[in-house]
$ cat coords_33.txt   # compact mmCIF, C-alpha atoms
# COMPACT_ATOMS: atom_id res chain seq x y z
CA MET A 1 -8.01 -17.52 -20.85
CA SER A 2 -6.22 -20.47 -22.33
CA ASN A 3 -4.23 -19.22 -25.22
CA TYR A 4 -2.55 -21.56 -27.67
CA TYR A 5 0.78 -19.89 -27.05
CA ASP A 6 0.32 -19.45 -23.30
CA ILE A 7 3.38 -21.07 -21.76
CA ASP A 8 1.59 -21.68 -18.45
CA ASP A 9 -1.22 -23.43 -20.21
CA ILE A 10 1.28 -25.69 -21.92
CA LEU A 11 3.20 -26.39 -18.73
CA ALA A 12 0.01 -27.11 -16.82
CA GLU A 13 -0.70 -29.96 -19.21
CA GLU A 14 2.63 -31.51 -18.29
CA GLU A 15 1.36 -32.31 -14.80
CA LEU A 16 1.06 -36.02 -14.11
CA VAL A 17 -2.31 -37.65 -13.64
CA PRO A 18 -2.64 -41.17 -12.25
CA SER A 19 -4.52 -43.38 -14.65
CA VAL A 20 -5.34 -47.03 -15.24
CA PHE A 21 -4.98 -48.78 -18.58
CA GLN A 22 -8.20 -50.41 -19.72
CA HIS A 23 -6.55 -52.35 -22.48
CA ALA A 24 -3.19 -53.95 -22.95
CA ALA A 25 -0.94 -51.88 -25.15
CA ASN A 26 2.14 -52.95 -27.06
CA GLY A 27 5.21 -50.84 -27.64
CA VAL A 28 4.73 -48.46 -24.73
CA GLY A 29 6.74 -50.34 -22.13
CA LEU A 30 8.37 -47.15 -20.95
CA PHE A 31 5.25 -46.31 -18.97
CA ASP A 32 5.64 -49.44 -16.94
CA SER A 33 9.26 -50.38 -17.29
CA SER A 34 9.36 -53.46 -15.09
CA ASP A 35 10.32 -55.98 -17.79
CA ASP A 36 11.55 -56.28 -21.34
CA THR A 37 8.28 -57.23 -22.96
CA ASP A 38 7.68 -53.64 -23.98
CA LYS A 39 3.98 -53.81 -23.32
CA VAL A 40 1.54 -52.57 -20.73
CA GLU A 41 -1.03 -54.95 -19.28
CA ALA A 42 -4.67 -54.01 -18.96
CA GLY A 43 -5.35 -52.75 -15.47
CA SER A 44 -1.85 -51.52 -14.78
CA ARG A 45 -1.39 -48.11 -13.30
CA ALA A 46 0.77 -45.31 -14.58
CA GLU A 47 1.21 -41.60 -14.13
CA LEU A 48 0.82 -39.88 -17.47
CA PRO A 49 1.01 -36.22 -18.38
CA PHE A 50 -2.35 -34.57 -18.80
CA TRP A 51 -2.07 -33.90 -22.53
CA LEU A 52 -1.69 -37.63 -23.13
CA VAL A 53 -4.33 -38.57 -20.60
CA ARG A 54 -6.92 -36.40 -22.33
CA GLU A 55 -6.44 -38.07 -25.70
CA LEU A 56 -6.37 -41.60 -24.30
CA TYR A 57 -9.34 -40.94 -22.05
CA LEU A 58 -11.47 -39.63 -24.90
CA ARG A 59 -10.64 -42.82 -26.80
CA GLN A 60 -11.59 -44.78 -23.67
CA LEU A 61 -8.25 -46.52 -23.51
CA ILE A 62 -7.60 -45.51 -19.91
CA SER A 63 -9.59 -44.47 -16.91
CA ILE A 64 -8.57 -41.52 -14.77
CA ARG A 65 -8.06 -41.65 -11.07
CA VAL A 66 -8.51 -38.12 -9.79
CA PRO A 67 -5.17 -36.80 -8.51
CA PRO A 68 -4.98 -36.94 -4.73
CA CYS A 69 -5.19 -33.17 -4.30
CA PHE A 70 -8.62 -33.00 -5.98
CA ASP A 71 -10.04 -36.21 -4.62
CA ARG A 72 -13.27 -36.02 -2.71
CA GLU A 73 -12.00 -37.65 0.48
CA SER A 74 -8.49 -36.32 0.29
CA LYS A 75 -6.46 -34.67 2.98
CA THR A 76 -6.07 -31.59 0.81
CA ARG A 77 -9.81 -30.93 0.80
CA GLU A 78 -9.90 -31.13 4.57
CA GLU A 79 -6.94 -28.82 4.89
CA ILE A 80 -8.47 -26.30 2.51
CA ALA A 81 -11.68 -26.39 4.47
CA ALA A 82 -9.77 -25.83 7.70
CA ASP A 83 -7.39 -23.03 6.75
CA ALA A 84 -6.92 -22.54 3.06
CA ALA A 85 -4.46 -19.70 3.37
CA HIS A 86 -1.69 -21.79 4.84
CA VAL A 87 -1.92 -24.92 2.75
CA ASP A 88 1.17 -25.60 0.71
CA LEU A 89 -0.53 -25.98 -2.65
CA ARG A 90 2.69 -25.54 -4.56
CA SER A 91 3.94 -28.94 -3.46
CA ARG A 92 0.61 -30.53 -4.42
CA SER A 93 0.68 -29.15 -7.89
CA GLN A 94 2.24 -25.99 -9.18
CA TYR A 95 -0.64 -25.58 -11.59
CA PHE A 96 -3.32 -26.47 -9.07
CA TYR A 97 -6.13 -24.32 -10.50
CA GLU A 98 -5.36 -24.82 -14.17
CA LEU A 99 -5.06 -28.58 -13.80
CA GLY A 100 -8.16 -28.72 -11.63
CA CYS A 101 -10.19 -26.90 -14.28
CA LYS A 102 -8.99 -29.16 -17.04
CA ILE A 103 -9.64 -32.37 -15.13
CA ALA A 104 -13.04 -31.24 -13.92
CA LEU A 105 -14.12 -30.50 -17.47
CA LEU A 106 -12.71 -33.75 -18.79
CA ILE A 107 -14.24 -36.17 -16.32
CA GLY A 108 -17.27 -34.02 -15.46
CA ASP A 109 -16.67 -33.97 -11.73
CA ARG A 110 -18.91 -31.24 -10.42
CA THR A 111 -17.37 -31.05 -6.97
CA ILE A 112 -13.96 -29.89 -8.15
CA GLY A 113 -15.14 -26.52 -9.51
CA PRO A 114 -16.66 -25.20 -6.28
CA PHE A 115 -13.73 -26.63 -4.34
CA LEU A 116 -11.25 -24.67 -6.44
CA LEU A 117 -13.32 -21.53 -6.15
CA VAL A 118 -13.50 -21.78 -2.37
CA ALA A 119 -9.77 -22.41 -2.18
CA PHE A 120 -8.94 -19.41 -4.34
CA ARG A 121 -11.41 -17.15 -2.54
CA THR A 122 -9.84 -17.74 0.83
CA ARG A 123 -6.31 -17.59 -0.44
CA TYR A 124 -7.00 -14.47 -2.49
CA LYS A 125 -7.58 -12.43 0.65
CA ASP A 126 -4.28 -13.48 2.06
CA VAL A 127 -2.44 -12.72 -1.16
CA LEU A 128 -4.13 -9.32 -1.27
CA VAL A 129 -2.95 -8.39 2.21
CA LYS A 130 0.52 -9.81 1.80
CA ALA A 131 1.11 -8.25 -1.61
CA HIS A 132 0.53 -4.81 -0.16
CA THR A 133 2.38 -5.16 3.11
CA LEU A 134 5.15 -7.70 2.85
CA THR A 135 8.68 -6.47 2.29
CA LEU A 136 10.97 -8.20 -0.12
CA THR A 137 13.03 -9.83 2.62
CA THR A 138 10.14 -11.63 4.29
CA ALA A 139 8.39 -12.55 1.07
CA PRO A 140 10.30 -15.69 -0.04
CA LYS A 141 9.03 -17.78 2.85
CA TYR A 142 5.45 -16.99 1.96
CA LEU A 143 5.94 -17.45 -1.76
CA THR A 144 6.79 -21.12 -1.38
CA LEU A 145 3.17 -21.86 -0.46
CA LEU A 146 1.67 -20.29 -3.56
CA THR A 147 0.82 -21.92 -6.83
CA ASN A 148 1.94 -20.45 -10.09
CA GLU A 149 -1.27 -18.48 -10.56
CA GLU A 150 -1.12 -17.00 -7.09
CA THR A 151 2.55 -16.10 -7.39
CA LYS A 152 1.76 -14.11 -10.50
CA LEU A 153 -1.04 -12.32 -8.72
CA TYR A 154 1.21 -11.57 -5.78
CA GLU A 155 3.93 -10.23 -8.01
CA ALA A 156 1.50 -8.08 -9.95
CA GLY A 157 0.41 -6.39 -6.73
CA GLN A 158 3.89 -6.18 -5.28
CA SER A 159 5.60 -4.75 -8.34
CA SER A 160 3.09 -1.96 -8.91
CA ILE A 161 3.42 -0.87 -5.29
CA ALA A 162 7.20 -1.00 -5.58
CA ALA A 163 7.14 1.01 -8.81
CA PHE A 164 4.97 3.65 -7.17
CA LYS A 165 7.25 3.90 -4.15
CA LYS A 166 10.25 4.25 -6.38
CA TRP A 167 8.60 7.03 -8.33
CA ARG A 168 7.62 8.86 -5.18
CA MET A 169 11.12 8.67 -3.73
CA GLY A 170 12.43 10.40 -6.79
CA GLY A 171 15.60 9.01 -8.22
CA PRO A 172 16.73 9.85 -11.70
CA ARG A 173 14.05 12.10 -13.11
CA PHE A 174 15.34 12.07 -16.59
CA GLN A 175 16.29 9.14 -18.70
CA ILE A 176 18.66 9.78 -21.51
CA ALA A 177 17.56 8.36 -24.81
CA PRO A 178 20.07 5.78 -26.00
CA VAL A 179 20.64 7.84 -29.14
CA LEU A 180 21.90 10.78 -27.14
CA GLY A 181 24.43 8.74 -25.22
CA ARG A 182 26.53 8.06 -28.29
CA LYS A 183 29.61 10.01 -28.87
CA ARG A 184 29.79 12.15 -31.89
CA LYS A 185 32.04 10.97 -34.59
CA PRO A 186 35.09 13.14 -34.81
CA THR A 187 34.89 15.02 -38.03
CA MET B 1 -0.77 3.30 -25.05
CA ALA B 2 0.79 0.29 -23.36
CA GLY B 3 3.59 1.16 -21.01
CA THR B 4 7.01 0.16 -22.12
CA SER B 5 8.68 0.28 -18.76
CA ASP B 6 6.63 -2.22 -16.81
CA PRO B 7 6.78 -5.86 -17.83
CA HIS B 8 3.81 -6.84 -15.68
CA GLY B 9 1.22 -5.34 -17.95
CA SER B 10 0.12 -2.30 -16.03
CA ALA B 11 -1.04 0.17 -18.62
CA PHE B 12 1.07 3.08 -17.44
CA SER B 13 4.18 3.53 -15.43
CA ALA B 14 4.21 6.18 -12.73
CA ALA B 15 6.41 8.39 -14.86
CA GLU B 16 3.98 8.15 -17.75
CA LEU B 17 1.12 9.19 -15.47
CA GLU B 18 3.19 12.12 -14.34
CA PHE B 19 3.60 13.08 -17.97
CA LEU B 20 -0.16 12.96 -18.50
CA ALA B 21 -0.74 15.00 -15.38
CA GLU B 22 1.42 17.79 -16.77
CA ASP B 23 -1.41 18.69 -19.12
CA GLU B 24 -3.60 19.84 -16.23
CA MET B 25 -4.14 23.58 -16.12
CA ILE B 26 -2.80 25.67 -13.28
CA GLU B 27 -2.71 29.36 -12.45
CA ILE B 28 0.60 31.17 -12.68
CA VAL B 29 1.68 34.74 -12.08
CA PRO B 30 4.35 35.52 -14.64
CA ASN B 31 6.96 38.20 -14.20
CA LEU B 32 7.75 38.55 -17.84
CA ARG B 33 5.96 39.85 -20.86
CA MET B 34 5.28 37.23 -23.49
CA ASP B 35 2.97 36.97 -26.46
CA PRO B 36 0.38 34.21 -26.58
CA LEU B 37 1.81 30.78 -27.28
CA ASN B 38 0.00 28.81 -29.96
CA PHE B 39 0.25 25.07 -29.39
CA ILE B 40 -1.60 22.12 -30.82
CA SER B 41 -3.40 21.73 -27.49
CA GLY B 42 -4.51 25.36 -27.52
CA ASP B 43 -3.37 28.93 -27.06
CA PHE B 44 -1.92 30.06 -23.76
CA GLY B 45 -1.25 33.57 -22.68
CA PRO B 46 -0.65 36.40 -23.31
CA PHE B 47 1.50 36.69 -20.22
CA ARG B 48 1.84 40.07 -18.54
CA PRO B 49 3.85 40.70 -15.39
CA GLN B 50 1.84 40.30 -12.17
CA ILE B 51 -1.32 39.32 -14.01
CA ALA B 52 -2.46 35.79 -13.31
CA ALA B 53 -2.84 33.50 -16.28
CA GLN B 54 -3.75 29.88 -16.91
CA ALA B 55 -1.08 27.55 -18.23
CA PRO B 56 -0.57 23.82 -18.39
CA LEU B 57 1.52 22.41 -15.60
CA TRP B 58 4.49 21.54 -17.80
CA LEU B 59 4.71 25.14 -19.01
CA ALA B 60 4.31 26.44 -15.49
CA VAL B 61 7.13 24.20 -14.25
CA ALA B 62 9.37 25.17 -17.16
CA LEU B 63 8.81 28.88 -16.50
CA LYS B 64 9.23 28.37 -12.78
CA LYS B 65 12.59 26.66 -13.29
CA ARG B 66 13.79 29.72 -15.18
CA GLY B 67 12.46 32.01 -12.47
CA LYS B 68 9.93 33.60 -14.79
CA CYS B 69 6.79 33.02 -12.77
CA THR B 70 5.33 31.99 -9.48
CA ILE B 71 2.80 29.18 -9.36
CA ARG B 72 -0.44 29.64 -7.49
CA ALA B 73 -1.24 26.48 -5.61
CA PRO B 74 -4.62 25.15 -6.71
CA GLU B 75 -7.57 25.69 -4.46
CA TRP B 76 -7.79 22.10 -3.27
CA MET B 77 -4.18 22.26 -2.06
CA SER B 78 -4.89 24.54 0.87
CA VAL B 79 -4.63 23.34 4.45
CA ASP B 80 -8.33 24.01 5.08
CA LYS B 81 -9.58 22.08 2.10
CA LEU B 82 -7.21 19.20 2.65
CA SER B 83 -8.07 18.81 6.33
CA GLN B 84 -11.74 18.76 5.36
CA VAL B 85 -11.06 16.08 2.79
CA LEU B 86 -9.00 14.04 5.22
CA GLU B 87 -11.74 14.25 7.83
CA ALA B 88 -14.40 13.20 5.35
CA GLU B 89 -12.16 10.48 3.98
CA ARG B 90 -11.78 8.99 7.45
CA ASP B 91 -15.45 9.26 8.34
CA SER B 92 -17.08 8.12 5.17
CA GLU B 93 -16.95 4.92 3.23
CA LYS B 94 -16.87 6.79 -0.05
CA PHE B 95 -13.87 8.23 -1.77
CA GLN B 96 -13.81 12.01 -1.66
CA PRO B 97 -13.65 13.90 -4.94
CA LEU B 98 -10.10 15.06 -5.58
CA PRO B 99 -8.45 15.99 -8.86
CA PHE B 100 -7.88 12.91 -10.99
CA HIS B 101 -4.13 13.49 -10.93
CA TYR B 102 -3.81 14.76 -7.37
CA VAL B 103 -0.86 12.50 -6.49
CA GLU B 104 1.15 13.56 -9.51
CA ILE B 105 0.28 17.25 -9.37
CA SER B 106 1.19 17.52 -5.71
CA ARG B 107 4.46 15.72 -6.30
CA LEU B 108 5.37 18.03 -9.20
CA LEU B 109 4.56 21.12 -7.19
CA PHE B 110 6.49 19.91 -4.16
CA ASP B 111 9.49 19.25 -6.35
CA HIS B 112 9.53 22.42 -8.36
CA ALA B 113 7.52 25.08 -6.58
CA ARG B 114 8.04 24.51 -2.89
CA ASP B 115 8.39 28.24 -2.18
CA ASP B 116 5.02 29.02 -3.77
CA ILE B 117 2.91 26.75 -1.61
CA PRO B 118 1.81 28.18 1.71
CA ASP B 119 2.34 25.84 4.69
CA ILE B 120 4.13 23.32 2.53
CA TYR B 121 4.97 20.93 5.39
CA MET B 122 1.39 20.84 6.54
CA VAL B 123 0.09 20.40 3.01
CA ARG B 124 2.56 17.68 2.24
CA SER B 125 1.75 15.62 5.31
CA LEU B 126 -1.98 16.10 4.79
CA ILE B 127 -1.72 14.77 1.26
CA GLU B 128 0.38 11.85 2.49
CA ASP B 129 -2.29 11.08 5.09
CA ILE B 130 -5.11 11.30 2.60
CA LYS B 131 -3.25 9.02 0.26
CA ASP B 132 -2.63 6.46 3.01
CA VAL B 133 -6.25 6.49 4.13
CA ARG B 134 -7.42 6.00 0.58
CA PHE B 135 -5.00 3.15 -0.06
CA HIS B 136 -6.17 1.45 3.08
CA LYS B 137 -9.75 1.79 1.88
CA ILE B 138 -8.84 0.32 -1.48
CA GLY B 139 -7.24 -2.66 0.22
CA LYS B 140 -10.34 -3.18 2.34
CA GLY B 141 -12.57 -2.70 -0.67
CA LEU B 142 -10.76 -5.28 -2.73
CA GLU B 143 -11.55 -7.95 -0.18
CA ILE B 144 -15.18 -7.92 -1.26
CA ILE B 145 -14.22 -9.36 -4.62
CA SER B 146 -13.79 -12.69 -2.91
CA LYS B 147 -17.16 -12.68 -1.16
CA GLU B 148 -19.53 -12.89 -4.10
CA ARG B 149 -19.33 -13.33 -7.82
CA THR B 150 -17.87 -10.13 -9.14
CA TYR B 151 -17.38 -9.21 -12.75
CA ALA B 152 -16.72 -5.48 -12.61
CA LEU B 153 -15.76 -2.84 -10.13
CA ARG B 154 -17.01 0.70 -10.09
CA LEU B 155 -14.21 3.02 -9.13
CA LYS B 156 -15.90 6.30 -8.40
CA ASN B 157 -13.54 9.17 -7.55
CA LEU B 158 -10.51 6.94 -7.67
CA SER B 159 -7.50 8.87 -8.90
CA ALA B 160 -5.27 7.94 -11.81
CA MET B 161 -2.38 6.79 -9.68
CA GLU B 162 -4.53 4.71 -7.35
CA ALA B 163 -6.30 3.00 -10.20
CA ASN B 164 -3.02 2.36 -11.92
CA ILE B 165 -1.47 0.74 -8.88
CA VAL B 166 -4.26 -1.74 -8.31
CA ARG B 167 -4.85 -2.44 -11.99
CA PRO B 168 -2.48 -5.40 -12.55
CA PHE B 169 -3.55 -7.10 -9.35
CA VAL B 170 -7.28 -6.58 -9.81
CA THR B 171 -7.45 -7.60 -13.45
CA ARG B 172 -5.52 -10.76 -12.72
CA ALA B 173 -7.65 -11.64 -9.72
CA LEU B 174 -10.91 -10.99 -11.58
CA GLU B 175 -9.70 -13.09 -14.47
CA THR B 176 -8.98 -16.04 -12.19
CA PHE B 177 -12.25 -15.68 -10.35
CA TYR B 178 -14.05 -15.58 -13.65
CA LYS B 179 -12.30 -18.67 -14.86
CA LEU B 180 -12.98 -20.65 -11.70
CA GLY B 181 -16.51 -19.35 -11.31
CA SER B 182 -17.61 -19.76 -14.90
CA SER B 183 -20.73 -21.78 -15.48
CA ASP B 184 -18.68 -24.60 -17.00
CA MET B 185 -16.98 -25.20 -13.71
CA ILE B 186 -19.77 -24.65 -11.27
CA GLN B 187 -22.89 -26.03 -12.89
CA GLU B 188 -23.65 -29.25 -14.63
CA THR B 189 -20.85 -30.28 -16.91
CA ASP B 190 -21.36 -32.61 -19.80
CA HIS B 191 -18.31 -33.20 -21.87
CA ALA B 192 -19.79 -33.08 -25.30
CA PRO B 193 -16.91 -31.44 -27.11
CA ASN B 194 -18.82 -29.04 -29.35
CA ARG B 195 -21.16 -27.56 -26.85
CA GLN B 196 -22.56 -24.14 -27.66
CA PRO B 197 -21.30 -21.63 -25.16
CA GLN B 198 -24.12 -20.48 -22.96
CA ALA B 199 -24.86 -16.86 -22.42
CA THR B 200 -23.58 -16.34 -18.92
CA ASN B 201 -25.41 -14.29 -16.45
CA ARG B 202 -22.98 -11.49 -15.81
CA GLY B 203 -24.30 -10.67 -12.39
CA PRO B 204 -24.52 -7.26 -10.81
CA ARG B 205 -21.61 -4.89 -10.75
CA ARG B 206 -19.87 -4.45 -7.46
CA GLN B 207 -18.85 -1.15 -6.04
CA LEU B 208 -15.36 -0.94 -4.71
CA LYS B 209 -16.93 0.37 -1.55
CA ASP B 210 -20.43 -0.52 -0.50
CA ARG B 211 -22.31 2.57 0.31
$ encode --input "coords_33.txt" --output "C-alpha cells"
Amino acid sequence: MSNYYDIDDILAEEELVPSVFQHAANGVGLFDSSDDTDKVEAGSRAELPFWLVRELYLRQLISIRVPPCFDRESKTREEIAADAAHVDLRSRSQYFYELGCKIALLIGDRTIGPFLLVAFRTRYKDVLVKAHTLTLTTAPKYLTLLTNEETKLYEAGQSSIAAFKKWRMGGPRFQIAPVLGRKRKPT
Amino acid sequence: MAGTSDPHGSAFSAAELEFLAEDEMIEIVPNLRMDPLNFISGDFGPFRPQIAAQAPLWLAVALKKRGKCTIRAPEWMSVDKLSQVLEAERDSEKFQPLPFHYVEISRLLFDHARDDIPDIYMVRSLIEDIKDVRFHKIGKGLEIISKERTYALRLKNLSAMEANIVRPFVTRALETFYKLGSSDMIQETDHAPNRQPQATNRGPRRQLKDR
C-alpha cells in the first residue's frame, strides 16, 4: 500500500505528533523558540512531524504522546463509538487512518488498530450510500467530514456513476481524433 | 487495457465497454446480396435477401444505418422474457443470468434499431427496471464488506457494466479494509524492524449476495 512515490503517504508523514524530549538538544531551538539559547531542554514538549518523530523515537531521544484523536480516553474514541458516521475526522487529522497505522506500528499500541477498523467500517457504509445517491450540489457539506482516504473512496464511487449516467444519456457519440481536426495545408 | 478516459483508475470507460459489446453476435435479416466477409475475427455471411444470418453487432448496426438489413431482437429482449427476469430479480437474492453486455447491447439497439424491436417502450422500461433493481441489490450487497473480514467478492452473473461501475469503489474499499485489518494492526505488534512477514490467513471469500 505505501509506495515510495505515493504523495499521500508522504503527506501523511507531515502530520504533527506531540512528543517529549528525553534529552537536552543543542542547535534545534526552532522547536521551542521561547528564548535565544537555541537549545531544547530535556522534558520539553513539542509537536514534530511524524517523519522526524519516527527517527528520533527509534534513537530513544524523544517519547511519543499519542495524538489526542487516537488516545485511549479521548473524546474522539467516545464519539466514534457513539456515531462514527458523523464525526468530523477531517478536522482531527486529514490522514487519520494512515497516521493511525504508522503510529500504532511504531509505538506498538494494540488498541489503535481495532479502533481504526471499527471507525472505517461504520463510516464505509455511509460513504457507500452517499456515493451512490448524493447529487453534486448536496455533496460538499458531507465531504467536509471525510478524511483524505474516505474522500477518495467517495469520489471513486461518485465518478463511475456519473460517467455511466453520462454515457446512457448519450451526448457526443463520436470523438474526433486530434489528427483529423487539423486543417490541410494548402498545396 | 487500461482506460485512457477515466483518471480514477476504472479499467474501462463506458464507451470502451460499448466497443467491446459490439463484438457480440446478433441475428440480422439482410435485404442485399453480399459474399461472405472474411475478417480476422472470423467469416460472416454470405448474406442473401430475406435469409437470416449471424453477424457481429457492429456490422449489424453499420448495415442497419445504410438500410441494408433489419435486426432481429435477441431472444432475451422480448417482453415475456424480460418480465420473467424482472420478477425473478425482485423475488430472489441472486442475480439473474442475463447477457454479459446486456446494458450496452440494449442501448445500441435502442439507438440504432428502434423500429426492429417489438414493443420498444415496454422493453425499454423493463430493462431500466431490471437495471435499477440490480443496482439496488449491488448497493445492499456491498454493505456486507464492512461486516466481516472480506478479501474477495464473487460476482456471479454480474454484467460488464455493473462490474465496471462498482470496480473503483470496491477495490479502494477492500484495499483500505485490508490495510486496517492486516495482522500487523490487529494482533500483537512488536516493532522489531526486520520482522519476517507472516503468512496471513486470507479468510473465506464473500459472495456479493448471501444465498
$ closest_residue --input "coords_33.txt" --among "B:Pro118, B:Gly181, B:Gly42, B:Pro30" --to "Tyr151 in chain B" --atoms "all atoms listed in the file"
B:Gly181
$ closest_atom_pairs --input "coords_33.txt" --of "chain A" --to "chain B" --cutoff "9 Å" --atoms "all atoms listed in the file" --output "JSON lines"
{"residue": "A:Met1", "atom": "CA", "partner": "B:Lys179", "partner_atom": "CA", "distance": 7.5}
{"residue": "A:Tyr97", "atom": "CA", "partner": "B:Leu180", "partner_atom": "CA", "distance": 7.9}
{"residue": "A:Cys101", "atom": "CA", "partner": "B:Met185", "partner_atom": "CA", "distance": 7.0}
{"residue": "A:Ala104", "atom": "CA", "partner": "B:Met185", "partner_atom": "CA", "distance": 7.2}
{"residue": "A:Leu105", "atom": "CA", "partner": "B:His191", "partner_atom": "CA", "distance": 6.6}
{"residue": "A:Leu106", "atom": "CA", "partner": "B:His191", "partner_atom": "CA", "distance": 6.4}
{"residue": "A:Ile107", "atom": "CA", "partner": "B:His191", "partner_atom": "CA", "distance": 7.5}
{"residue": "A:Gly108", "atom": "CA", "partner": "B:Thr189", "partner_atom": "CA", "distance": 5.4}
{"residue": "A:Asp109", "atom": "CA", "partner": "B:Thr189", "partner_atom": "CA", "distance": 7.6}
{"residue": "A:Arg110", "atom": "CA", "partner": "B:Glu188", "partner_atom": "CA", "distance": 6.6}
{"residue": "A:Thr111", "atom": "CA", "partner": "B:Ile186", "partner_atom": "CA", "distance": 8.1}
{"residue": "A:Ile112", "atom": "CA", "partner": "B:Met185", "partner_atom": "CA", "distance": 7.9}
{"residue": "A:Gly113", "atom": "CA", "partner": "B:Met185", "partner_atom": "CA", "distance": 4.8}
{"residue": "A:Pro114", "atom": "CA", "partner": "B:Ile186", "partner_atom": "CA", "distance": 5.9}
{"residue": "A:Leu116", "atom": "CA", "partner": "B:Leu180", "partner_atom": "CA", "distance": 6.8}
{"residue": "A:Leu117", "atom": "CA", "partner": "B:Leu180", "partner_atom": "CA", "distance": 5.6}
{"residue": "A:Phe120", "atom": "CA", "partner": "B:Phe177", "partner_atom": "CA", "distance": 7.8}
{"residue": "A:Arg121", "atom": "CA", "partner": "B:Ser146", "partner_atom": "CA", "distance": 5.1}
{"residue": "A:Thr122", "atom": "CA", "partner": "B:Ser146", "partner_atom": "CA", "distance": 7.4}
{"residue": "A:Tyr124", "atom": "CA", "partner": "B:Ser146", "partner_atom": "CA", "distance": 7.0}
{"residue": "A:Lys125", "atom": "CA", "partner": "B:Glu143", "partner_atom": "CA", "distance": 6.0}
{"residue": "A:Leu128", "atom": "CA", "partner": "B:Gly139", "partner_atom": "CA", "distance": 7.5}
{"residue": "A:Val129", "atom": "CA", "partner": "B:Gly139", "partner_atom": "CA", "distance": 7.4}
{"residue": "A:His132", "atom": "CA", "partner": "B:Gly139", "partner_atom": "CA", "distance": 8.1}
{"residue": "A:Glu149", "atom": "CA", "partner": "B:Thr176", "partner_atom": "CA", "distance": 8.2}
{"residue": "A:Glu150", "atom": "CA", "partner": "B:Ala173", "partner_atom": "CA", "distance": 8.8}
{"residue": "A:Lys152", "atom": "CA", "partner": "B:Arg172", "partner_atom": "CA", "distance": 8.3}
{"residue": "A:Leu153", "atom": "CA", "partner": "B:Phe169", "partner_atom": "CA", "distance": 5.8}
{"residue": "A:Tyr154", "atom": "CA", "partner": "B:Phe169", "partner_atom": "CA", "distance": 7.4}
{"residue": "A:Glu155", "atom": "CA", "partner": "B:Phe169", "partner_atom": "CA", "distance": 8.2}
{"residue": "A:Ala156", "atom": "CA", "partner": "B:Phe169", "partner_atom": "CA", "distance": 5.2}
{"residue": "A:Gly157", "atom": "CA", "partner": "B:Phe169", "partner_atom": "CA", "distance": 4.8}
{"residue": "A:Gln158", "atom": "CA", "partner": "B:Phe169", "partner_atom": "CA", "distance": 8.5}
{"residue": "A:Ser159", "atom": "CA", "partner": "B:His8", "partner_atom": "CA", "distance": 7.8}
{"residue": "A:Ser160", "atom": "CA", "partner": "B:Ile165", "partner_atom": "CA", "distance": 5.3}
{"residue": "A:Ile161", "atom": "CA", "partner": "B:Ile165", "partner_atom": "CA", "distance": 6.3}
{"residue": "A:Ala163", "atom": "CA", "partner": "B:Ala14", "partner_atom": "CA", "distance": 7.1}
{"residue": "A:Phe164", "atom": "CA", "partner": "B:Ala14", "partner_atom": "CA", "distance": 6.2}
{"residue": "A:Lys166", "atom": "CA", "partner": "B:Ala14", "partner_atom": "CA", "distance": 9.0}
{"residue": "A:Trp167", "atom": "CA", "partner": "B:Ala14", "partner_atom": "CA", "distance": 6.3}
{"residue": "A:Arg168", "atom": "CA", "partner": "B:Arg107", "partner_atom": "CA", "distance": 7.6}
{"residue": "A:Arg173", "atom": "CA", "partner": "B:Ala15", "partner_atom": "CA", "distance": 8.7}
$ residues_around --input "coords_33.txt" --residues "range 65-81 of chain A" --least-positions-apart "4" --cutoff "6 Å" --atoms "only C-alpha atoms" --output "list of chain:residue names"
A:Val17, A:Pro18, A:Ser19
$ axis_aligned_box --input "coords_33.txt" --around "range 27-33 of chain B" --padding-each-side "3 Å" --output "JSON"
{"center_x": 2.5, "center_y": 34.6, "center_z": -16.5, "size_x": 16.5, "size_y": 16.5, "size_z": 14.8}
$ closest_residue --input "coords_33.txt" --among "B:Pro56, B:Gly141, B:Pro36, B:Pro46" --to "Leu20 in chain B" --atoms "all atoms listed in the file"
B:Pro56
$ atom_distance --input "coords_33.txt" --atom1 "CA of Ala46 in chain A" --atom2 "CA of Gly100 in chain A"
19.1 Å
$ residues_around --input "coords_33.txt" --residues "Arg114 in chain B" --least-positions-apart "6" --cutoff "12 Å" --atoms "all atoms listed in the file" --output "JSON, numbers by chain"
{"B": [61, 64, 65, 70, 71, 72, 73, 106, 107, 108, 120, 121, 123, 124]}
$ residues_near_point --input "coords_33.txt" --point "(-8.0, 33.9, -13.5)" --cutoff "7 Å" --atoms "all atoms listed in the file" --output "NGL selection string"
:B and (52-54)
$ write_last_selection --input "coords_33.txt" --atoms "C-alpha atoms" --output "PDB file, keeping the file's coordinate frame"
ATOM      1  CA  ALA B  52      -2.460  35.790 -13.310  1.00  0.00           C
ATOM      2  CA  ALA B  53      -2.840  33.500 -16.280  1.00  0.00           C
ATOM      3  CA  GLN B  54      -3.750  29.880 -16.910  1.00  0.00           C
TER       4      GLN B  54
END
$ atom_distance --input "coords_33.txt" --atom1 "CA of Ile138 in chain B" --atom2 "CA of Arg90 in chain B"
12.8 Å
$ residues_around --input "coords_33.txt" --residues "Glu41 in chain A" --least-positions-apart "6" --cutoff "8 Å" --atoms "all atoms listed in the file" --output "PyMOL selection string"
chain A and resi 21+23-25
$ closest_residue --input "coords_33.txt" --among "B:Met122, B:Asp132, B:Ala55, B:Pro97" --to "Leu155 in chain B" --atoms "all atoms listed in the file"
B:Pro97
$ decode --input "coords_33.txt" --residues "range 40-54 of chain A" --atoms "C-alpha atoms" --output "short mmCIF file (atom, residue, chain, number, x, y, z; two decimals), in the first residue's frame"
data_model
loop_
_atom_site.label_atom_id
_atom_site.label_comp_id
_atom_site.auth_asym_id
_atom_site.auth_seq_id
_atom_site.Cartn_x
_atom_site.Cartn_y
_atom_site.Cartn_z
CA VAL A 40 15.78 22.42 23.83
CA GLU A 41 15.67 21.29 27.45
CA ALA A 42 15.05 17.70 28.40
CA GLY A 43 11.40 17.20 29.18
CA SER A 44 10.12 20.00 27.00
CA ARG A 45 7.22 19.33 24.72
CA ALA A 46 7.00 19.96 21.02
CA GLU A 47 4.88 18.97 18.07
CA LEU A 48 7.06 17.36 15.44
CA PRO A 49 6.17 15.93 12.05
CA PHE A 50 5.88 12.17 12.01
CA TRP A 51 8.87 11.50 9.76
CA LEU A 52 11.11 13.21 12.31
CA VAL A 53 9.38 11.65 15.28
CA ARG A 54 9.99 8.15 13.92
#
